[in-house]
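Asks: Handing you a structure now.
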Amino acid sequence: MSQQFEMDKTFSPQQVEGTTYEAWEQSGAFKPVIKVGKKPYTIVMPPPNITGQLHMGHAVDVTVQDILIRFHRMLGDPTLWLPGTDHASIATENKIVEQMRKEGITKEDLGREGFLERAWEWKKLYGGRITQQLRRLGASCDWSRERFTMDAGCSKAVTEVFVRMYEEGLIYRGERIINWCPVCKTALSDIEVDYEEKQSKLYHIRYPEDDGGEGLVVATTRPETMLGDTGVAVNPQDERYTHLIGKELLLPLVNRRIHVVADDYVDASFGTGAVKMTPAHDPNDFEVAKRHNLEILRVMNDDGSMNEAAGPDFAGMPGKDARKKVLEMLEAQGLLVKVQDYTHNVGSCSRCHATVEPLISKQWFLNMEPLAKPAIEAVRECKVTFVPERFAKTYFNWMENIRDWCISRQLWWGHRIPAWHCQTCGTTIVAREAPDTCPDCGSSRLSQDEDVLDTWFSSALWPFSTLGWPDDTKDLEYFYPTSTLATGYDIIFFWVARMIFSGLKHMGEIPFDTVLIHGIVRDELGRKMSKSLGNGVDPLELIDTYGADALRFSLILGVAPGADMRISNERMEAARNFANKIWNASRFVLMNLDGTSRTIDDSLLNTNEKWILSRLNRAIRSMTGHLEGNDLGLSAQVMYDFAWNEFCDWYIELSKGDLFDGTPERKDQARAVLETVLSATLRLLHPFMPFLTETIFKAMPGKQEASCMLSPWPEADGKYDFAQEEQQMEGVMDMIRAIRTVRNELKVQPGHRARVLLKPNPGWAERLRDAEPAFQRLAGASALTLLKAEEHITEKTVSAIGTIGEALIPLGDLVDIEKEIARLSKEAQGLRDEIIKSQGKLNNPGFVAKAPPALVQAEQEKIAHNEGILASLEKRVEELRQ
RNA sequence: GGGAUUAUAGCUCAGUUGGCUAGAGUACCACGUUGACAUCGUGGGGGUCACUGGUUCGAGCCCAGUUAAUCCCACCA
């Protein structure tokens, strides 16, 4: 007995996934085959964080990329998918700190060195875990080229870029208002801050004049910051306050004299029209302060508590308590004028969700303007294309309004900034290697800057740092620029934009030509998956339950580029069922091949065979086109429809005639066609469902040692285009469907011949004779035999019969004559209406003049067609009347 | 405040540059142990294409407006 008969009745992914993947990886098939002179297809994988578990976002990301990679590999392109992981500075550090907290130790206990040791241990443990999980999805990446954002090579690139940009003056150090997370104790970039609406109060506080005048009233949501006020601003046009401009007020509680300044920034219609200025703790106030030379007084510590500058009453007090005390004291002095309920947006740390405090701080910045310009140009000139296009707008919107990027973080885990400060003279030295002495004063008392770089600083270099830059490597030369970058739209700002300007800046070339944006995965209710909602789905569990192929397919099928997708059990089941359908269709084909491979005899092709081969050609062309256009969802849809609705539902069924009852010649021909179509189907499906297809492929005759993954992508063979046969089959299928409707309607028992009410005209007879076996098998009816239905016949049945043939057969004595006349008359009326409608169209000069000729002709044919039926109906009515 | 997207069957979504009766999947109903598959097969019901107007011979598609929802950016004390 041959191997084929041992296939189970259902596909068990669990049994094959592990071993199949291992065999692929062992064989080295994931490594690109470099062909000098041939353009490679390259994807550099967005590196997952080493913080944890594979989630649905990764699953989509990896699936999309793996499909493209497998497609191009089969096309014969030298194909590289370079994987790696990201150190994820702040996220990882938080996780480690959290883990340590449970053990009762703090970062400070370990010290920088000790902490980093621990962090590397973490990386060893979890960095490997995530890559194992990627394997479970079937990711066919070249693990021999795997990189990590903090490995020696990538770190070298980071230092090189930093030093170069510093030397060019693009990187500078300065005092600016930054978003400060008092829990993570680090600066955050603008995009690391999330805003949410919160209920709070708007406090109206009176600031009297220093001479005892009543002064003015300011409104604030953060009263404790008044301790750091160094001025009050009003709108220059605001007549209420013109008399106060330039005057001095006495800041309550601290009794500091502060000036009233006029600045357009102030909106006279909001609050009281007077704004207290706290330049050290508010970005706008900071700007105003610079314009008016107001003092910048920081009153808060890094942990959010008040410092000495806040005055002896408040020093050391947490911000919350300080707020309370300030309010109490103001109230006691009768200076708290009004308290309003107020809803506004409060920023919080995207990592730990603590409320962010804007405060002044010395940080490293990257000057964005000169970098953004060419990056905008590159997209505008379509050197980089976004799929779908609309995301380019998002990109422009951000890049055109970009502000300098705060790249320093007060963390330990990350790339330490290559800058040294001289303890003697204060000079800062930025260098590739640690300097021994200060070039200015010769002192050897140098200490490295404590900060590390924003994690996205290294990510921005990923497309070339992973290929060996700054060294001149062969990989860099061959694979850069890469082809496609696939990622979610949530990461355009964090990453995509920064890679584009970095690539242009340091490589002088775009990093990739296509940015393929996919949506995010939502639950069945359309909600974002989040930890707090607890609605997250673990992709690994889905793989266990349904198989990796089903997961991949359900994430792709019918999903338009950039569109969010919902994942549900129903969707997973549909994908699993499809996999099983393919499995069983293959099982049937393999059973009938008897382990022998055959080739099609073109001279013996019958209509069914011509039809399926022609349909296969269409599927190949369509899928290839969609994949080239990055529309994976449509491509999968074409596969699904072809495999299930055409190959399984029709051709396999049709083939059974020859397979079971045909002459030896026909039998072999059917087998050859089945084998050909199955082979192509498996290969077309392979990028989407690699495990299933590889498993079946190896069971094909003579393919034990072959690999679906490394087989060529199917090409449409022009000699198998049969437009006429396709049309003919379409007609036959319509008729078979109609007969089935009749059978159902008449409740004809299986096994019994349906009594089909047909009188084929000469044209149809020809076709029907051709299709006779199909009718026998699929419709349980003989197309040429006129039989008498004994059952009651409904309208529906009649209309179904109407679609079968031109000649509607008289129902004779089966039905009440009056009723039948009425029905036929009604039908005739319907046809007349149709004809009138068509004639109306043809009488419309605009239609005749402007519509395509084929359409006009079709309309004329329709009239003729309807008139023919009408005539026979009328004739029949006449007969019945007699 | 600025920008983007979406609105089609109970649900999830397709619907190419406008062109025959608007399609799938799923759910629902009926029937079915036909030699791959009940994770299946066959058939069926179910739509005012959000609303209003416009362009056109012709609009689910193009244009304007209205309504509703989602998302992103900015962050007014």
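Identifiers in the structure tokens: chain A, B, ... in order shown; residue index from 1 per chain; ligand index from 1 in order shown.
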Taking only C-alpha atoms (C1' of nucleotides) into account, produce a table as a Markdown table in which each residue of chain A with an atom at most 7 Å from an atom of chain B appears once, together with its shortest atom pair and the distance in Å to one decimal, ordered by chain and rising number.

Replies:
| residue | atom | partner | partner_atom | distance |
| --- | --- | --- | --- | --- |
| A:Ala219 | CA | B:A77 | C1' | 6.3 |
| A:Thr220 | CA | B:A77 | C1' | 5.5 |
| A:Val275 | CA | B:A77 | C1' | 5.5 |
| A:Asn577 | CA | B:U39 | C1' | 4.7 |
| A:Asn580 | CA | B:U39 | C1' | 6.5 |
| A:Lys581 | CA | B:C37 | C1' | 6.2 |
| A:Asn584 | CA | B:A36 | C1' | 4.6 |
| A:Ala585 | CA | B:A36 | C1' | 5.1 |
| A:Arg587 | CA | B:A36 | C1' | 5.6 |
| A:Phe588 | CA | B:A36 | C1' | 4.1 |
| A:Arg740 | CA | B:G43 | C1' | 6.9 |
| A:Thr741 | CA | B:G43 | C1' | 5.6 |
| A:Asn744 | CA | B:G43 | C1' | 5.9 |
| A:Asn844 | CA | B:C57 | C1' | 6.4 |
| A:Gly846 | CA | B:C57 | C1' | 4.1 |
| A:Phe847 | CA | B:C57 | C1' | 4.0 |
| A:Lys850 | CA | B:C57 | C1' | 7.0 |

Asks: Report as a CSV table (one decimal) with N, CA, C and O atoms, in the first residue's frame all protein, DNA and RNA residues lying within 9 Å of Ala563 (chain A), evaluated on only C-alpha atoms (C1' of nucleotides), omitting residues in the same chain fewer than 6 positions from it.

Replies:
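Result saved to part_39.csv:
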chain,number,residue,atom,x,y,z
A,517,ILE,N,2.1,48.9,5.1
A,517,ILE,CA,1.5,49.1,6.4
A,517,ILE,C,0.3,48.1,6.6
A,517,ILE,O,-0.6,48.0,5.7
A,518,HIS,N,0.3,47.4,7.7
A,518,HIS,CA,-0.9,46.6,8.0
A,518,HIS,C,-1.6,47.2,9.3
A,518,HIS,O,-1.0,48.0,10.0
A,519,GLY,N,-2.8,46.7,9.4
A,519,GLY,CA,-3.6,47.2,10.6
A,519,GLY,C,-3.2,46.5,11.9
A,519,GLY,O,-2.3,45.7,11.9
A,520,ILE,N,-4.0,46.8,12.9
A,520,ILE,CA,-3.7,46.1,14.1
A,520,ILE,C,-4.8,45.1,14.3
A,520,ILE,O,-5.9,45.1,13.7

Asks: Which distance in Å separates CA of Gly840 (chain A) and CA of Glu874 (chain A), to one decimal?

Replies: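 Separating CA of Gly840 (chain A) from CA of Glu874 (chain A) is a distance of 22.6 Å.
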
Asks: Which residues come within 6 Å of region 630-640 of chain A, counting only C-alpha atoms (C1' of nucleotides), excluding same-chain residues fewer than 4 positions away, as a PDB file with C-alpha atoms, in the first residue's frame?

Replies:
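Printed below is around33.pdb as written:
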ATOM      1  CA  ILE A 556      -4.542  37.631   5.859  1.00  0.00           C
ATOM      2  CA  LEU A 557      -7.664  36.387   4.099  1.00  0.00           C
ATOM      3  CA  GLY A 558      -9.762  39.243   2.837  1.00  0.00           C
ATOM      4  CA  VAL A 559      -7.888  41.875   4.800  1.00  0.00           C
ATOM      5  CA  ALA A 560      -7.170  44.988   2.768  1.00  0.00           C
ATOM      6  CA  MET A 623      -2.561  35.909  -7.372  1.00  0.00           C
ATOM      7  CA  HIS A 626      -1.985  40.867  -6.179  1.00  0.00           C
ATOM      8  CA  TRP A 644     -12.475  25.394  -2.891  1.00  0.00           C
TER       9      TRP A 644
END

Asks: For G47 (chain B), list every protein, DNA or RNA residue within 12 Å, evaluated using only C-alpha atoms (C1' of nucleotides), and leave out those in the same chain fewer than 5 positions away; present the list as a count of residues only.

Replies: 6

Asks: Return the single residue from A:Phe553, A:Tyr489, A:Trp364, A:Tyr342 that is closest to Arg176 (chain A), with distances computed using only C-alpha atoms.

Replies: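 Looking at the shortest contact to Arg176 (chain A), the residue is A:Trp364.
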
Asks: Could you find all residues in region 639-728 of chain A that DSSP calls helix (DSSP H, G or I) from the backbone, and write them as an NGL selection string?

Replies: :A and (639-661 or 664-685 or 690-699 or 718-720 or 723-728)

Asks: Could you state the separation of CA of Ile835 (chain A) and CA of Pro853 (chain A) in Å, given to one decimal place?

Replies: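 Taking CA of Ile835 (chain A) and CA of Pro853 (chain A), their separation equals 18.7 Å.
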
Asks: So what do you get for CA of Asp302 (chain A) versus CA of Arg403 (chain A), distance-wise?

Replies: 23.7 Å

Asks: Using DSSP on the backbone, list every residue of region 21-225 of chain A that comes out as strand (DSSP E), and give them as a PyMOL selection string.

Replies: chain A and resi 41-44+79-82+84-85+147-148+171-181+186-188+193-207+216-220

Asks: Show which residues sit within 10 Å of Asp440 (chain A), as a short mmCIF file (atom, residue, chain, number, x, y, z; two decimals) with N, CA and C atoms, in the first residue's frame. Count only C-alpha atoms (C1' of nucleotides), and ignore same-chain residues fewer than 6 positions away.

Replies:
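The resulting result_12.cif:
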data_model
loop_
_atom_site.label_atom_id
_atom_site.label_comp_id
_atom_site.auth_asym_id
_atom_site.auth_seq_id
_atom_site.Cartn_x
_atom_site.Cartn_y
_atom_site.Cartn_z
N CYS A 422 34.84 66.69 30.96
CA CYS A 422 36.07 66.93 31.72
C CYS A 422 35.68 67.51 33.08
N THR A 424 37.59 68.78 35.10
CA THR A 424 38.42 69.94 35.44
C THR A 424 37.94 71.23 34.76
N CYS A 425 37.82 71.16 33.44
CA CYS A 425 37.46 72.40 32.75
C CYS A 425 36.04 72.40 32.20
N GLY A 426 35.37 71.27 32.28
CA GLY A 426 33.97 71.25 31.87
C GLY A 426 33.75 70.99 30.40
N THR A 427 34.82 70.80 29.63
CA THR A 427 34.68 70.51 28.20
C THR A 427 33.98 69.17 27.98
N THR A 428 33.19 69.11 26.93
CA THR A 428 32.58 67.84 26.56
C THR A 428 33.25 67.31 25.30
N ILE A 429 33.67 66.05 25.35
CA ILE A 429 34.34 65.43 24.21
C ILE A 429 33.44 64.32 23.70
#

Asks: Which residue, A:Gly213, A:Gly104, A:Pro470, A:Gly127, has the smallest gap to Glu160 (chain A) when you use only C-alpha atoms?

Replies: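 Nearest to Glu160 (chain A): A:Pro470.
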
Asks: Using only C-alpha atoms, which of A:Gly718, A:Ala849, A:Ser838, A:Val299 sits nearest Glu867 (chain A)?

Replies: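 For Glu867 (chain A), the nearest of the candidates is A:Ser838.
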
Asks: Can you list, as a ChimeraX atom specification, every protein, DNA or RNA residue that comes within 8 Å of Pro223 (chain A) when you count only C-alpha atoms (C1' of nucleotides), leaving out same-chain residues fewer than 4 positions away?

Replies: /A:203,323,326-327

Asks: Tell me which protein, DNA and RNA residues are within 7 Å of region 85-100 of chain A, counting only C-alpha atoms (C1' of nucleotides), leaving out same-chain ones fewer than 2 positions away, and put them as an mmCIF file with all heavy atoms, in the first residue's frame.

Replies:
data_model
loop_
_atom_site.group_PDB
_atom_site.id
_atom_site.type_symbol
_atom_site.label_atom_id
_atom_site.label_comp_id
_atom_site.auth_asym_id
_atom_site.auth_seq_id
_atom_site.Cartn_x
_atom_site.Cartn_y
_atom_site.Cartn_z
ATOM 1 N N PRO A 47 12.560 44.438 14.547
ATOM 2 C CA PRO A 47 12.986 43.565 15.635
ATOM 3 C C PRO A 47 12.013 43.580 16.813
ATOM 4 O O PRO A 47 11.708 44.642 17.339
ATOM 5 C CB PRO A 47 14.328 44.167 16.050
ATOM 6 C CG PRO A 47 14.245 45.596 15.650
ATOM 7 C CD PRO A 47 13.374 45.652 14.443
ATOM 8 N N PRO A 48 11.517 42.414 17.192
ATOM 9 C CA PRO A 48 10.674 42.385 18.383
ATOM 10 C C PRO A 48 11.493 42.694 19.631
ATOM 11 O O PRO A 48 12.693 42.416 19.669
ATOM 12 C CB PRO A 48 10.143 40.951 18.420
ATOM 13 C CG PRO A 48 11.004 40.170 17.507
ATOM 14 C CD PRO A 48 11.646 41.114 16.554
ATOM 15 N N ASN A 49 10.843 43.250 20.624
ATOM 16 C CA ASN A 49 11.515 43.534 21.894
ATOM 17 C C ASN A 49 11.883 42.244 22.597
ATOM 18 O O ASN A 49 11.211 41.234 22.437
ATOM 19 C CB ASN A 49 10.582 44.318 22.817
ATOM 20 C CG ASN A 49 10.311 45.712 22.283
ATOM 21 O OD1 ASN A 49 10.944 46.149 21.334
ATOM 22 N ND2 ASN A 49 9.369 46.389 22.888
ATOM 23 N N ILE A 50 12.914 42.336 23.394
ATOM 24 C CA ILE A 50 13.291 41.148 24.164
ATOM 25 C C ILE A 50 12.514 41.078 25.463
ATOM 26 O O ILE A 50 12.806 40.267 26.324
ATOM 27 C CB ILE A 50 14.803 41.139 24.487
ATOM 28 C CG1 ILE A 50 15.186 42.438 25.188
ATOM 29 C CG2 ILE A 50 15.615 40.907 23.260
ATOM 30 C CD1 ILE A 50 16.523 42.353 25.879
ATOM 31 N N THR A 51 11.511 41.933 25.588
ATOM 32 C CA THR A 51 10.789 41.948 26.864
ATOM 33 C C THR A 51 9.832 40.802 26.999
ATOM 34 O O THR A 51 9.310 40.559 28.055
ATOM 35 C CB THR A 51 9.978 43.229 27.022
ATOM 36 O OG1 THR A 51 9.330 43.502 25.799
ATOM 37 C CG2 THR A 51 10.860 44.372 27.422
ATOM 38 N N LYS A 102 10.415 42.712 43.235
ATOM 39 C CA LYS A 102 9.834 41.544 43.900
ATOM 40 C C LYS A 102 10.861 40.851 44.787
ATOM 41 O O LYS A 102 10.510 40.187 45.749
ATOM 42 C CB LYS A 102 9.292 40.559 42.860
ATOM 43 C CG LYS A 102 7.992 41.050 42.235
ATOM 44 C CD LYS A 102 7.490 40.095 41.160
ATOM 45 C CE LYS A 102 6.340 40.727 40.392
ATOM 46 N NZ LYS A 102 6.254 40.208 39.026
ATOM 47 N N GLU A 103 12.144 40.980 44.398
ATOM 48 C CA GLU A 103 13.192 40.387 45.218
ATOM 49 C C GLU A 103 13.673 41.361 46.280
ATOM 50 O O GLU A 103 14.574 41.045 47.056
ATOM 51 C CB GLU A 103 14.395 40.007 44.334
ATOM 52 C CG GLU A 103 14.070 38.949 43.305
ATOM 53 C CD GLU A 103 15.169 38.854 42.259
ATOM 54 O OE1 GLU A 103 16.335 39.162 42.574
ATOM 55 O OE2 GLU A 103 14.850 38.491 41.117
ATOM 56 N N GLY A 104 13.130 42.559 46.267
ATOM 57 C CA GLY A 104 13.500 43.549 47.262
ATOM 58 C C GLY A 104 14.794 44.280 46.981
ATOM 59 O O GLY A 104 15.429 44.795 47.892
ATOM 60 N N ILE A 105 15.222 44.299 45.712
ATOM 61 C CA ILE A 105 16.432 45.074 45.401
ATOM 62 C C ILE A 105 16.113 46.202 44.422
ATOM 63 O O ILE A 105 15.183 46.094 43.623
ATOM 64 C CB ILE A 105 17.576 44.236 44.774
ATOM 65 C CG1 ILE A 105 17.016 42.951 44.148
ATOM 66 C CG2 ILE A 105 18.657 43.938 45.784
ATOM 67 C CD1 ILE A 105 18.068 42.128 43.449
ATOM 68 N N THR A 106 16.908 47.229 44.495
ATOM 69 C CA THR A 106 16.737 48.357 43.584
ATOM 70 C C THR A 106 17.931 48.425 42.653
ATOM 71 O O THR A 106 18.953 47.752 42.874
ATOM 72 C CB THR A 106 16.658 49.690 44.354
ATOM 73 O OG1 THR A 106 17.937 49.918 44.975
ATOM 74 C CG2 THR A 106 15.584 49.650 45.421
ATOM 75 N N LYS A 107 17.778 49.229 41.599
ATOM 76 C CA LYS A 107 18.864 49.448 40.658
ATOM 77 C C LYS A 107 20.119 49.916 41.392
ATOM 78 O O LYS A 107 21.224 49.463 41.113
ATOM 79 C CB LYS A 107 18.467 50.555 39.674
ATOM 80 C CG LYS A 107 17.802 50.087 38.429
ATOM 81 C CD LYS A 107 17.147 51.253 37.684
ATOM 82 C CE LYS A 107 18.146 52.148 36.984
ATOM 83 N NZ LYS A 107 17.491 53.241 36.230
ATOM 84 N N GLY A 127 15.569 36.922 24.872
ATOM 85 C CA GLY A 127 15.839 37.178 23.460
ATOM 86 C C GLY A 127 15.677 35.905 22.655
ATOM 87 O O GLY A 127 15.168 35.911 21.535
ATOM 88 N N ARG A 147 20.516 39.548 14.246
ATOM 89 C CA ARG A 147 21.202 40.643 14.923
ATOM 90 C C ARG A 147 20.438 41.100 16.160
ATOM 91 O O ARG A 147 19.266 40.763 16.335
ATOM 92 C CB ARG A 147 21.361 41.831 13.959
ATOM 93 C CG ARG A 147 22.163 41.515 12.712
ATOM 94 C CD ARG A 147 23.569 41.067 13.016
ATOM 95 N NE ARG A 147 24.372 42.099 13.645
ATOM 96 C CZ ARG A 147 25.150 42.944 12.996
ATOM 97 N NH1 ARG A 147 25.257 42.868 11.671
ATOM 98 N NH2 ARG A 147 25.832 43.861 13.645
ATOM 99 N N PHE A 148 21.146 41.866 16.964
ATOM 100 C CA PHE A 148 20.549 42.433 18.173
ATOM 101 C C PHE A 148 20.977 43.892 18.209
ATOM 102 O O PHE A 148 22.127 44.202 17.874
ATOM 103 C CB PHE A 148 21.064 41.661 19.399
ATOM 104 C CG PHE A 148 20.622 42.233 20.714
ATOM 105 C CD1 PHE A 148 19.267 42.389 21.005
ATOM 106 C CD2 PHE A 148 21.555 42.591 21.683
ATOM 107 C CE1 PHE A 148 18.851 42.911 22.226
ATOM 108 C CE2 PHE A 148 21.145 43.104 22.911
ATOM 109 C CZ PHE A 148 19.789 43.266 23.179
ATOM 110 N N THR A 149 20.066 44.781 18.583
ATOM 111 C CA THR A 149 20.383 46.211 18.492
ATOM 112 C C THR A 149 21.601 46.603 19.333
ATOM 113 O O THR A 149 22.198 47.639 19.095
ATOM 114 C CB THR A 149 19.201 47.085 18.927
ATOM 115 O OG1 THR A 149 18.677 46.564 20.143
ATOM 116 C CG2 THR A 149 18.122 47.116 17.865
ATOM 117 N N MET A 150 21.949 45.772 20.314
ATOM 118 C CA MET A 150 23.093 46.138 21.157
ATOM 119 C C MET A 150 24.292 45.230 20.951
ATOM 120 O O MET A 150 25.218 45.236 21.754
ATOM 121 C CB MET A 150 22.693 46.151 22.635
ATOM 122 C CG MET A 150 22.224 47.548 23.077
ATOM 123 S SD MET A 150 21.545 47.566 24.711
ATOM 124 C CE MET A 150 22.974 47.316 25.709
ATOM 125 N N ARG A 351 4.995 53.953 29.081
ATOM 126 C CA ARG A 351 5.499 52.694 29.637
ATOM 127 C C ARG A 351 4.915 52.382 31.014
ATOM 128 O O ARG A 351 4.521 51.270 31.289
ATOM 129 C CB ARG A 351 7.026 52.736 29.736
ATOM 130 C CG ARG A 351 7.711 52.666 28.412
ATOM 131 C CD ARG A 351 7.470 51.326 27.744
ATOM 132 N NE ARG A 351 7.843 51.391 26.331
ATOM 133 C CZ ARG A 351 7.537 50.454 25.455
ATOM 134 N NH1 ARG A 351 6.845 49.389 25.821
ATOM 135 N NH2 ARG A 351 7.912 50.572 24.206
ATOM 136 N N TRP A 413 20.110 50.753 30.697
ATOM 137 C CA TRP A 413 20.098 49.716 29.650
ATOM 138 C C TRP A 413 19.931 50.377 28.289
ATOM 139 O O TRP A 413 18.854 50.899 27.980
ATOM 140 C CB TRP A 413 18.950 48.735 29.942
ATOM 141 C CG TRP A 413 18.748 47.653 28.920
ATOM 142 C CD1 TRP A 413 17.604 47.430 28.212
ATOM 143 C CD2 TRP A 413 19.661 46.628 28.529
ATOM 144 N NE1 TRP A 413 17.761 46.347 27.392
ATOM 145 C CE2 TRP A 413 19.020 45.827 27.563
ATOM 146 C CE3 TRP A 413 20.991 46.324 28.885
ATOM 147 C CZ2 TRP A 413 19.630 44.732 26.964
ATOM 148 C CZ3 TRP A 413 21.591 45.218 28.276
ATOM 149 C CH2 TRP A 413 20.921 44.442 27.337
ATOM 150 N N GLY A 414 20.995 50.383 27.520
ATOM 151 C CA GLY A 414 20.934 51.014 26.211
ATOM 152 C C GLY A 414 22.325 51.388 25.743
ATOM 153 O O GLY A 414 23.323 51.019 26.378
ATOM 154 N N THR A 455 15.853 54.297 22.593
ATOM 155 C CA THR A 455 15.961 52.991 21.955
ATOM 156 C C THR A 455 15.759 53.081 20.444
ATOM 157 O O THR A 455 16.297 52.304 19.668
ATOM 158 C CB THR A 455 14.962 52.014 22.598
ATOM 159 O OG1 THR A 455 15.399 50.700 22.362
ATOM 160 C CG2 THR A 455 13.564 52.178 22.052
#
